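Asks: Okay, handing you the structure first.
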Amino acid sequence: MKDLSAVPLDVATLQTGYRSNAFAPVDVIREIYRRIRALPKNAIWICLRSEDEAVEAAAALVAPKNASLFGIPFAVKDNIDVAGLPTTAGCPAFAYRPQDNASVVQQILEQGGLLIGKTNLDQFATGLVGVRSPYGVCLNLFDSAYVSGGSSSGSALAVAAGLVSFALGTDTAGSGRVPAAFGNIIGLKPTKGVLSTRGVVPACRSLDCVSIFSLTAADAETVFYATAGYDRQDPYSREHRSQLASPKKCRIGVPKDQQLDEAEAGYRALFAEAVSRFESLGYSLTTIDAAPFLETAKLLYGGPWVAERFAAVGKFIKEHADSVHPVVRDIILGGEQYSAIDAFEAQYRLETLKKKTEAVWSSIDVLLLPTVPNIYQIKEIEQDPISLNSRLGIFTNFTNLLDLAAIALPGGFRTDGLPFGITLFAPAFSEPGLLSIASSYLELLRPPLGATKMSYPLADGEKRTERSAPDTILTAVVGAHLTGEPLNYQLTELGSQFVRSAKTAPLYRLFALSATEPAKPGLVRVGPERGAAIDLEVWAIPGREFGKFIRKVSTPLMIGTVHLDDDQQVKGFLCEEIALSNATDISEFGGWKSYLRSG
């Protein structure tokens, strides 16, 4: 058996290993089950496939090796159907054995994904704590006295512990983001309906989303594009409206200081550090009034949407009251008290709040908040299960009511070693932009991968370029920073080293910007239909100097992820679309220097 104990399970690392024949999917499966056996007892799994069965599936993979998820191990929250395995929703009396896979599971399997098992959850996906399950309490991996977060607790733990590359959860009120924060991983909550919920036990059917837990932003992006798609058999399914992979603008809104008072002191300090990181990356930060978002959050559990949970499983709970967790039972049965009048009045209030949030979106493109205000010990939750659970959702509960997309990201650690998380929000169908911002932020922060203590991977190009030192950041320049151009000194005075000349993937357009001194171009990603390959240079900037370098980057330019024509990805200069109204498209010249020579 090959020793893969030091191999992280991020998708890029596994794909590289498969391509180079360093190891095979069977080797990865054997390593995963070794890790599962070595992990201290934790109630992560409800149904774990046998090692022999998983090995057999890995050996029999029929998906092409270039499939996006070939040989990639994953887990599924046990309110999502997997053909032949029981779906319990965390309640043994509710269990049934589906004949078909949920739509998202089927898409993953067709792309070569390898299922490891089904994971524990707060029963009927009701809770943000991870303790409401007859299958056991999910313990925080950083301190077992604390909650792991819920309801997708087992899925988040499986990723954070390095047992799978990614996992599916669900997110109605924050269940795909709160456990991500407590596990130091990524939690992507896509736009409602973009990932089919066919084959998912409903909580609030009009609000439910399938969510994605992953170790890196790139992995979340890979899984998102492998699973997003319109499903004619799902009445809530929606077509994803393709957008630029980079955000059109980079205005990030942060709440007023007093609106962060709900967050404990350590989290507030870490949030301030996160804000500074975004500023260092060249994003424009502006203070906004987050009150309409926070007020909307109160509607979800303080209003008649609880009745939708009763519509989903209330009849079962009334008939099997003794089989249901008492806290879950009381919450869901409480939904029976609401009338149709209550429902309409709440809808009217929601529309009023939506109008108020629209005014906020006119001045920002992305909203930044702490994912949660605090983290609690299990004994605290047991003593006060309702109000403390509700507090965990104050920065998450509004998301689906307002039809937003969101991505939860690691944000550092408190002095006691417990993780902190942040969340980026944007209007529906903004996943490409959110993923781009998340990638640039994480590659600056470079948090450990979950609780594994393995390092956040360098960008693909940084790992595969021999002349890149481990403490440098590969950065693509396309204009005034090129060799011989007027701003090249900003690289050389920091000790940066030229690596090579290269081209972008044919996904970009290059524009000569107006009224810039010195003259500069703007690189904009437009996709394969309109894109061209653009000349550039790759430089290795010392990591300790990278923040100093990007502080010199002024609007409309920003630092994002640039895709090269050899499939590598590096940091690089991109341009806000707003600057193109008076710019000239010079893509036909193939690069900035060729354009300058033409004049």
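By order of appearance in the structure tokens: chains A, B, ..., then residues from 1 within every chain, and ligands from 1 in the order shown.
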Do you have, as a Markdown table, the list of residues of range 131-235 of chain A lying at most 10 Å from range 285-300 of chain A, each with its nearest atom pair and that distance in Å to one decimal, counting only C-alpha atoms and ordered by chain then number?
Replies:
```
| residue | atom | partner | partner_atom | distance |
| --- | --- | --- | --- | --- |
| A:Thr172 | CA | A:Leu300 | CA | 9.4 |
| A:Ala173 | CA | A:Leu300 | CA | 7.6 |
| A:Cys204 | CA | A:Leu300 | CA | 10.0 |
```
Asks: Run DSSP on the backbone and grab whatever in range 409-560 of chain A lands in helix (DSSP H, G or I); send it over as a PyMOL selection string.
Replies: chain A and resi 431-445+460-464+489-492+543-550
Asks: Any chance you could list, as a ChimeraX atom specification, the residues in range 313-468 of chain A that come up strand (DSSP E or B) when DSSP is run on the backbone?
Replies: /A:366-370,377,404-413,419-427
Asks: CA of Ile559 in chain A and CA of Lys571 in chain A are how many Å apart?
Replies: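 Between these atoms lies a distance of 6.5 Å.
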Asks: Show which residues sit within 9 Å of Met454 in chain A, as a JSON list (two decimals) with C-alpha atoms, in the first residue's frame. Count only C-alpha atoms, and ignore same-chain residues fewer than 5 positions away.
Replies:
```
[["chain", "number", "residue", "atom", "x", "y", "z"],
["A", 6, "ALA", "CA", 0.84, 13.44, 3.61],
["A", 7, "VAL", "CA", -1.23, 13.87, 0.45],
["A", 8, "PRO", "CA", -4.03, 16.45, 0.75],
["A", 447, "PRO", "CA", -5.19, 28.79, 5.70],
["A", 448, "PRO", "CA", -4.50, 25.17, 6.62],
["A", 449, "LEU", "CA", -6.81, 22.71, 4.88]]
```
Asks: Work out how far apart CA of Asp78 in chain A and CA of Gly90 in chain A are and give it in Å to one decimal.
Replies: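 That distance, rounded to one decimal, is 6.9 Å.
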